[in-house]
Each structure stands twice: as structure tokens, then as C-alpha cells.
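First the structure, in the form of C-alpha cells, and then the observations on it.
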Amino acid sequence: MHRGARQGNRGRIAVVSNRFDKLGVVIALIACYGAFSTPFAIFRANRIVAGEPRSIIEALPQPLGAVLLAVLVAAGLIALFRTPLVARLGAAAVTLASLALLIGVAGSHLTPEGNTFARISPASGFWLLIFAFTLLLADVLTRLQLSPVGRVVVLGIAAAAIWLLLASGQWDSLSILKEYANRADSFWNEARRHVELALGSLFAATLVGLPLGILCHRVQALRDGVLNVLNIIQTIPSIALFGILIAPLGWVAANVPGASVLGIRGIGAAPAFVALFLYSLLPVVANTVVGLAGVPRAANDAARGMGMTGWQRLSSVEFPLAFPVILTGIRIVLVQNIGLATIAALIGGGGFGVFVFQGVGQTAMDLVLLGAVPTVALAFAAAIILDAVVETVATRKSTEVAAA
């Protein structure tokens with residue numbers, strides 16, 4: 001009798017647990033905490049004083065606050081239970097759109113009329129809610145198993161929506177946009193320098209790393225020494241490496257004719273570029289070695305049987321088959337460099353780090369966000385696009401090998 005009761009209880013527990021989505025439970029808890037226990041926006045009398053937290057009800061004009069809470073509760077329940085993917089996708093999209101629109105409304109509502117000094121910032125509750133429902137959206141897109149092109153299209157739609165919000169002026173009352181308005185010219189100049197550092201060092205590392213990786217693949221004795229040196233470089237903290245490069249590059253600028261004309265000096269973009277180049281070599285070289293080592297022996301034997309030379313085998317058989325792995329290394333380098341380029345501002349290298357460190361020095365967190373948010377967005381977009389490229393190339397190569 002007791003055994004039957006226990007089995008019945010287990011059955012009821014299993015039925016109840018099957019109704020809940022495991023990730024949805026986490027999302028619902030985060031959303032509940034973000035909506036009811038943390039502030040939605042922060043009001044500051046000026047850009048550097050301590051802020052006053054405002055809940056959703058306090059930050060938004062009524063009935064918009066109540067409507068947003070209702071949307072959050074409904075979306076949280078949809079995430080909590082095992083609901084159709086279409087419903088989960090709709091809940092995530094509607095909630096994220098509502099949050100994006102209403103944070104701008106909160107900025108206008110909380111800013112006193114005619115006050116140009118007040119600053120309104122998204123608070124921890126807003127960021128927690130964005131995180132929770134972005135996680136829900138990512139989970140849905142993963143379950144839908146979108147093609148690489150589909151993922152890039154979703155990224156494009158998200159970027160277009162953000163651009164429309166920025167162009168409409170919906171967020172102009174937020175402090176981060178006020179910081180941008182005061183620094184619009186320098187923002188785009190630093191953005192250009194940031195991209196130049198990230199892409200330029202990647203291009204240089206690819207030019208050097210591919211031949212070096214091929215050489216390491218062919219010569220076993222060289223492989224261990226090169227990879228060990230590159231591993232040691234990778235362990236040096238970025239700030240330390242920037243500092244180490246100041247003295248030798250300063251000496252080059254002072255003693256080598258024409259070096260300073262080319263922009264080589266101890267402080268500025270040159271040490272930042274060299275440091276990013278050195279950090280980029282290991283992923284490129286290592287992935288080239290791994291990719292070439294993974295080429296099936298049968299493919300090489302068939303190429304030899306057809307009378308191909310070593311160069312022909314490399315260019316027509318080995319490199320095409322290894323290319324998806326090499327491209328994965330390039331993807332790692334690009335995302336890494338976008339983040340590391342932020343530190344370049346410490347030695348005058350420019351980039352979005354200029355705003356990050358200015359904000360830290362002035363205790364102006366909105367200025368920090370002006371540099372941090374575009375850096376994160378660039379890295380995220382680069383990762384999605386290159387992931388799609390890697391998957392497309394890998395699928396094509398697998399199809400070609402299977403057809404052969």
C-alpha cells in the first residue's frame with residue numbers, strides 16, 4: 001500500500017516536472033527578480049552624482065508601467081511551461097521590443113522639462129530582463145535549427161530594429177545617447193580606429209600565420225618550438241605586453257630612418273597593433289596545423305596517385321579540406337581582437353576603450369557604456385557572421401567529399 005502511494009507521488013511529480021521547461025524556470029526566476037525586486041531605471045541629477053533607483057511603476061507613466069508588468073508576467077509564464085516554439089518566439093520578441101521602446105519612454109518621463117543636466121540610465125532590472133528574454137530568444141532559435149543564412153538574417157533584423165530606434169530619437173533622453181551627442185565626431189573616429197586595429201592585426205596575422213602553420217605541419221621539429229613560443233606570448237597579460245613593446249618600438253622610431261613617418265612609435269597605435277598581431281598568431285597557426293593534420297590520408301594518397309606535386313596537393317586538396325578549421329581560428333582571432341583593442345586606449349592606441357577609460361576616470365558609467373556596448377555588439381555580430389561562414393564552408397566541403 002505504501003509502495004503504491006510512493007509510486008503515485010512519483011508519478012504526480014513526474015507529470016508536474018514534465019510541464020515545466022528547465023531553462024524556462026531559470027528565465028522566469030530571472031525575469032521575476034528583474035521586474036519586481038530591482039530598479040528599472042536610474043535618475044541622476046547630473047552625470048557623476050549617485051543615482052536614485054526607480055521601479056517599473058515609478059519609471060513609466062501609467063498605465064504603461066502596469067502594461068509592461070503584465071507583458072513580463074505573461075512572457076515569464078510562457079517561458080516557464082512547455083509551450084509551442086511559436087509562442088515562445090513571440091513572447092521573447094514582444095517582450096524585448098516592449099523593453100526597448102519603454103526604456104526610452106522612461107527617459108522622457110523621468111527627465112524634468114527643460115533640464116539638460118539630468119541623466120536617466122537603464123538600471124539592473126532592465127539589463128536582467130533583457131538578458132532573460134534574449135536567453136529565451138536564443139533558446140528558441142537554437143531549437144528551430146536555423147540555417148547559417150537564417151541566423152544572419154535574424155541578426156540583420158535585430159540590427160535594423162536598433163537602428164530604427166536610434167534614428168527615431170526614441171532613446172535620445174537616455175544618458176548614453178546624451179554622452180554620444182556630446183562626442184559624436186570622436187565616437188566615429190574611435191570606431192574607425194577600433195575596427196582598423198582589430199581587422200588590420202587579423203589580416204597581418206593571417207598573412208604570417210598561414211605560411212608558418214603550413215611550415216609547422218611539414219616540419220615536426222619546428223612545430224613544437226613555434227607553438228611553445230606562441231603559447232608563452234598568449235599567457236602575457238595584454239597591459240603588460242603593451243608596456244613591454246613601448247621601449248623597443250620607441251627605439252625603432254628614434255633610430256630607424258622613416259619609422260616615425262610610418263607611424264611607428266612607443267606610444268600609440270603601433271604597440272597596440274603589434275600586441276594584437278602577436279596574440280592573433282597562436283589561433284591561426286594552431287588551427288592551420290590541426291586542419292592540415294586532419295586531412296584524410298586517403299585524399300592525399302589519391303592526389304599522389306594522380307601525379308600531383310606537393311604544392312598541387314596543398315593548394316587543391318589539403319588546404320580546401322582544412323579551410324573550415326582554419327576559418328574557425330580566424331573567427332576566434334577576430335572576436336578576441338575586438339575585445340582586446342579596447343585596452344589599446346591605455347597607450348594612446350584609440351578605439352572604444354577611450355570612452356571606457358574616460359568614464360572610469362570621471363566615474364561616469366554612461367560614458368563607460370558608450371565604449372563597452374558597441375564593443376560587445378561588434379564582437380557578437382562578428383561571432384554570428386563568421387560562425388555562419390564556417391558552418392556553410394564546412395557543409396559544402398563535406399558534401400563535396402561525400403560526392404567524390
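Letters A, B, ... go to the chains of the C-alpha cells in the order shown; residues in each chain start at 1; ligands are counted from 1 in the same order.
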May I have the residues within 10 Å of A:Val94 as a PyMOL selection string, using only C-alpha atoms and disregarding those fewer than 6 positions away in the same chain?
chain A and resi 71-72+75+88+100+133
Write a file of the selected residues as a PDB file, in the first residue's frame, keeping all heavy atoms.
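New file result-v1.pdb:
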ATOM      1  N   VAL A  71       2.895  42.212 -19.472  1.00  0.00           N
ATOM      2  CA  VAL A  71       3.624  41.552 -20.567  1.00  0.00           C
ATOM      3  C   VAL A  71       4.721  40.657 -20.004  1.00  0.00           C
ATOM      4  O   VAL A  71       4.914  39.522 -20.458  1.00  0.00           O
ATOM      5  CB  VAL A  71       4.212  42.610 -21.528  1.00  0.00           C
ATOM      6  CG1 VAL A  71       5.189  41.965 -22.518  1.00  0.00           C
ATOM      7  CG2 VAL A  71       3.097  43.300 -22.285  1.00  0.00           C
ATOM      8  N   LEU A  72       5.445  41.166 -18.994  1.00  0.00           N
ATOM      9  CA  LEU A  72       6.531  40.390 -18.395  1.00  0.00           C
ATOM     10  C   LEU A  72       6.007  39.132 -17.702  1.00  0.00           C
ATOM     11  O   LEU A  72       6.606  38.052 -17.820  1.00  0.00           O
ATOM     12  CB  LEU A  72       7.303  41.253 -17.401  1.00  0.00           C
ATOM     13  CG  LEU A  72       8.109  42.416 -18.002  1.00  0.00           C
ATOM     14  CD1 LEU A  72       8.649  43.307 -16.891  1.00  0.00           C
ATOM     15  CD2 LEU A  72       9.239  41.889 -18.859  1.00  0.00           C
ATOM     16  N   ALA A  75       4.901  36.660 -20.467  1.00  0.00           N
ATOM     17  CA  ALA A  75       6.066  36.080 -21.145  1.00  0.00           C
ATOM     18  C   ALA A  75       6.803  35.128 -20.216  1.00  0.00           C
ATOM     19  O   ALA A  75       7.301  34.075 -20.654  1.00  0.00           O
ATOM     20  CB  ALA A  75       6.998  37.193 -21.614  1.00  0.00           C
ATOM     21  N   ARG A  88       6.769  30.852 -27.714  1.00  0.00           N
ATOM     22  CA  ARG A  88       7.981  31.293 -27.020  1.00  0.00           C
ATOM     23  C   ARG A  88       8.709  32.362 -27.833  1.00  0.00           C
ATOM     24  O   ARG A  88       9.227  33.343 -27.282  1.00  0.00           O
ATOM     25  CB  ARG A  88       8.901  30.091 -26.763  1.00  0.00           C
ATOM     26  CG  ARG A  88       8.246  29.027 -25.895  1.00  0.00           C
ATOM     27  CD  ARG A  88       9.082  27.777 -25.787  1.00  0.00           C
ATOM     28  NE  ARG A  88      10.200  27.941 -24.857  1.00  0.00           N
ATOM     29  CZ  ARG A  88      10.098  27.824 -23.551  1.00  0.00           C
ATOM     30  NH1 ARG A  88       8.915  27.535 -23.007  1.00  0.00           N
ATOM     31  NH2 ARG A  88      11.155  27.968 -22.770  1.00  0.00           N
ATOM     32  N   ALA A 100      12.671  47.676 -25.090  1.00  0.00           N
ATOM     33  CA  ALA A 100      13.453  48.648 -25.863  1.00  0.00           C
ATOM     34  C   ALA A 100      12.691  49.954 -26.054  1.00  0.00           C
ATOM     35  O   ALA A 100      13.271  51.051 -25.966  1.00  0.00           O
ATOM     36  CB  ALA A 100      13.823  48.040 -27.220  1.00  0.00           C
ATOM     37  N   PHE A 133      15.175  37.478 -21.524  1.00  0.00           N
ATOM     38  CA  PHE A 133      14.377  37.219 -22.720  1.00  0.00           C
ATOM     39  C   PHE A 133      15.236  37.105 -23.980  1.00  0.00           C
ATOM     40  O   PHE A 133      14.798  36.519 -24.972  1.00  0.00           O
ATOM     41  CB  PHE A 133      13.280  38.279 -22.850  1.00  0.00           C
ATOM     42  CG  PHE A 133      12.235  38.126 -21.788  1.00  0.00           C
ATOM     43  CD1 PHE A 133      12.215  38.953 -20.679  1.00  0.00           C
ATOM     44  CD2 PHE A 133      11.309  37.096 -21.860  1.00  0.00           C
ATOM     45  CE1 PHE A 133      11.274  38.783 -19.680  1.00  0.00           C
ATOM     46  CE2 PHE A 133      10.353  36.917 -20.861  1.00  0.00           C
ATOM     47  CZ  PHE A 133      10.345  37.756 -19.765  1.00  0.00           C
TER      48      PHE A 133
END
Can you tell me, as a PyMOL selection string, which residues in stretch 160-190 of chain A count as helix (DSSP H, G or I) by DSSP?
chain A and resi 160-168+175-182+184-190
Distance table requested - stretch 86-185 of chain A against stretch 44-55 of chain A, cut-off 7 Å, only C-alpha atoms: one row per qualifying residue with the closest atom pair and its distance in Å to one decimal, ordered by chain and rising residue number, as a tab-separated table.
residue	atom	partner	partner_atom	distance
A:Phe117	CA	A:Asn46	CA	5.0
A:Ala118	CA	A:Ala45	CA	4.5
A:Arg119	CA	A:Arg44	CA	5.0
A:Ile120	CA	A:Arg44	CA	6.3
Which polymer residues have any atom within 7 Å of an atom of stretch 143-160 of chain A, counting only C-alpha atoms, with same-chain residues fewer than 3 positions away left out, as a VMD selection string?
chain A and resid 139 to 140 163 to 164 384 to 385 388 391 to 392
Take the residues just selected and output them with N, CA, C and O atoms as a short mmCIF file (atom, residue, chain, number, x, y, z; two decimals), in the first residue's frame.
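To be explicit, this is the file written out as out.cif:
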data_model
loop_
_atom_site.label_atom_id
_atom_site.label_comp_id
_atom_site.auth_asym_id
_atom_site.auth_seq_id
_atom_site.Cartn_x
_atom_site.Cartn_y
_atom_site.Cartn_z
N ASP A 139 17.37 30.46 -27.12
CA ASP A 139 16.97 29.06 -26.96
C ASP A 139 15.98 28.65 -28.06
O ASP A 139 16.10 27.56 -28.64
N VAL A 140 15.04 29.52 -28.36
CA VAL A 140 14.07 29.21 -29.42
C VAL A 140 14.76 29.09 -30.77
O VAL A 140 14.49 28.15 -31.54
N TRP A 163 18.69 50.20 -35.20
CA TRP A 163 18.97 51.42 -35.99
C TRP A 163 17.73 52.30 -36.09
O TRP A 163 17.81 53.52 -35.98
N LEU A 164 16.56 51.67 -36.30
CA LEU A 164 15.32 52.45 -36.39
C LEU A 164 15.02 53.17 -35.08
O LEU A 164 14.58 54.32 -35.08
N ILE A 384 28.61 35.73 -34.85
CA ILE A 384 27.49 35.11 -35.56
C ILE A 384 27.78 34.99 -37.05
O ILE A 384 27.55 33.94 -37.68
N ILE A 385 28.32 36.06 -37.64
CA ILE A 385 28.58 36.04 -39.09
C ILE A 385 29.65 35.01 -39.43
O ILE A 385 29.48 34.21 -40.37
N ALA A 388 28.44 31.47 -39.10
CA ALA A 388 27.64 31.09 -40.27
C ALA A 388 28.53 30.75 -41.46
O ALA A 388 28.28 29.78 -42.19
N GLU A 391 30.22 27.32 -40.81
CA GLU A 391 29.29 26.20 -40.99
C GLU A 391 28.96 25.99 -42.46
O GLU A 391 28.86 24.85 -42.93
N THR A 392 28.80 27.08 -43.20
CA THR A 392 28.49 26.96 -44.63
C THR A 392 29.65 26.30 -45.38
O THR A 392 29.44 25.39 -46.20
#
Residues within 9 Å of stretch 273-281 of chain A, please, as a ChimeraX atom specification. Count only C-alpha atoms; anything in the same chain fewer than 2 positions from it doesn't count.
/A:197-198,200-206,208-209,230,233-234,238,241-242,245,269-271,283-286,330,332-334,336-337,340-341,344,349
Any idea what's packed within 8 Å of A:Ala123, counting only C-alpha atoms, ignoring anything in its chain fewer than 5 positions away? Could you give it as an MDAnalysis selection string?
chainID A and resid 38:42 53
Those residues you just picked out, can you put them in a file as a PDB file, in the first residue's frame with N, CA and C atoms?
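The resulting result.pdb:
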ATOM      1  N   THR A  38      14.274  44.697  -8.473  1.00  0.00           N
ATOM      2  CA  THR A  38      15.378  45.584  -8.843  1.00  0.00           C
ATOM      3  C   THR A  38      14.851  46.790  -9.608  1.00  0.00           C
ATOM      4  N   PRO A  39      15.585  47.896  -9.587  1.00  0.00           N
ATOM      5  CA  PRO A  39      15.112  49.102 -10.281  1.00  0.00           C
ATOM      6  C   PRO A  39      15.170  48.954 -11.791  1.00  0.00           C
ATOM      7  N   PHE A  40      14.233  49.616 -12.458  1.00  0.00           N
ATOM      8  CA  PHE A  40      14.156  49.583 -13.921  1.00  0.00           C
ATOM      9  C   PHE A  40      15.013  50.690 -14.544  1.00  0.00           C
ATOM     10  N   ALA A  41      15.084  51.827 -13.869  1.00  0.00           N
ATOM     11  CA  ALA A  41      15.850  52.973 -14.369  1.00  0.00           C
ATOM     12  C   ALA A  41      16.495  53.697 -13.192  1.00  0.00           C
ATOM     13  N   ILE A  42      17.526  54.487 -13.512  1.00  0.00           N
ATOM     14  CA  ILE A  42      18.245  55.276 -12.506  1.00  0.00           C
ATOM     15  C   ILE A  42      18.159  56.751 -12.909  1.00  0.00           C
ATOM     16  N   PRO A  53      17.196  55.039  -7.686  1.00  0.00           N
ATOM     17  CA  PRO A  53      16.543  53.961  -8.429  1.00  0.00           C
ATOM     18  C   PRO A  53      15.048  54.202  -8.590  1.00  0.00           C
TER      19      PRO A  53
END
Near A:Thr134, within 8 Å and counting only C-alpha atoms, which residues show up once chain neighbours fewer than 3 positions away are dropped, as a PyMOL selection string?
chain A and resi 92+96+130-131+137-138
Tell me which protein, DNA and RNA residues are within 8 Å of stretch 322-329 of chain A, counting only C-alpha atoms, leaving out same-chain ones fewer than 5 positions away, and put them as a list in words.
Pro283, Val284, Ala286, Asn287, Thr288, Val290, Gly291, Leu292, Gly294, Val295, Leu386, Asp387, Val390, Glu391, Val393 and Ala394 of chain A
Could you check how far atom CA of A:Ile267 sits from atom CA of A:Leu249, in Å to one decimal?
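For atom CA of A:Ile267 relative to atom CA of A:Leu249, the distance reads 8.3 Å.
The closest residue to A:Arg331, picked from A:Gly213, A:Val389, A:His194, A:Gly125 and counting only C-alpha atoms, is A:Val389.
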Selected residue, from A:Ala272, A:Cys216, A:Val256, A:Leu199, that lies nearest to A:Val335 when counting only C-alpha atoms
A:Leu199
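When only C-alpha atoms are used to measure the gap to A:Thr235, the shortest distance among A:Ala254, A:Val317, A:Leu102, A:Leu282 belongs to A:Leu282.
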Counting only C-alpha atoms, the residue of A:Leu207, A:Pro112, A:Ser121, A:Trp251 that sits nearest A:Glu179
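For A:Glu179, the nearest of the given residues is A:Ser121.
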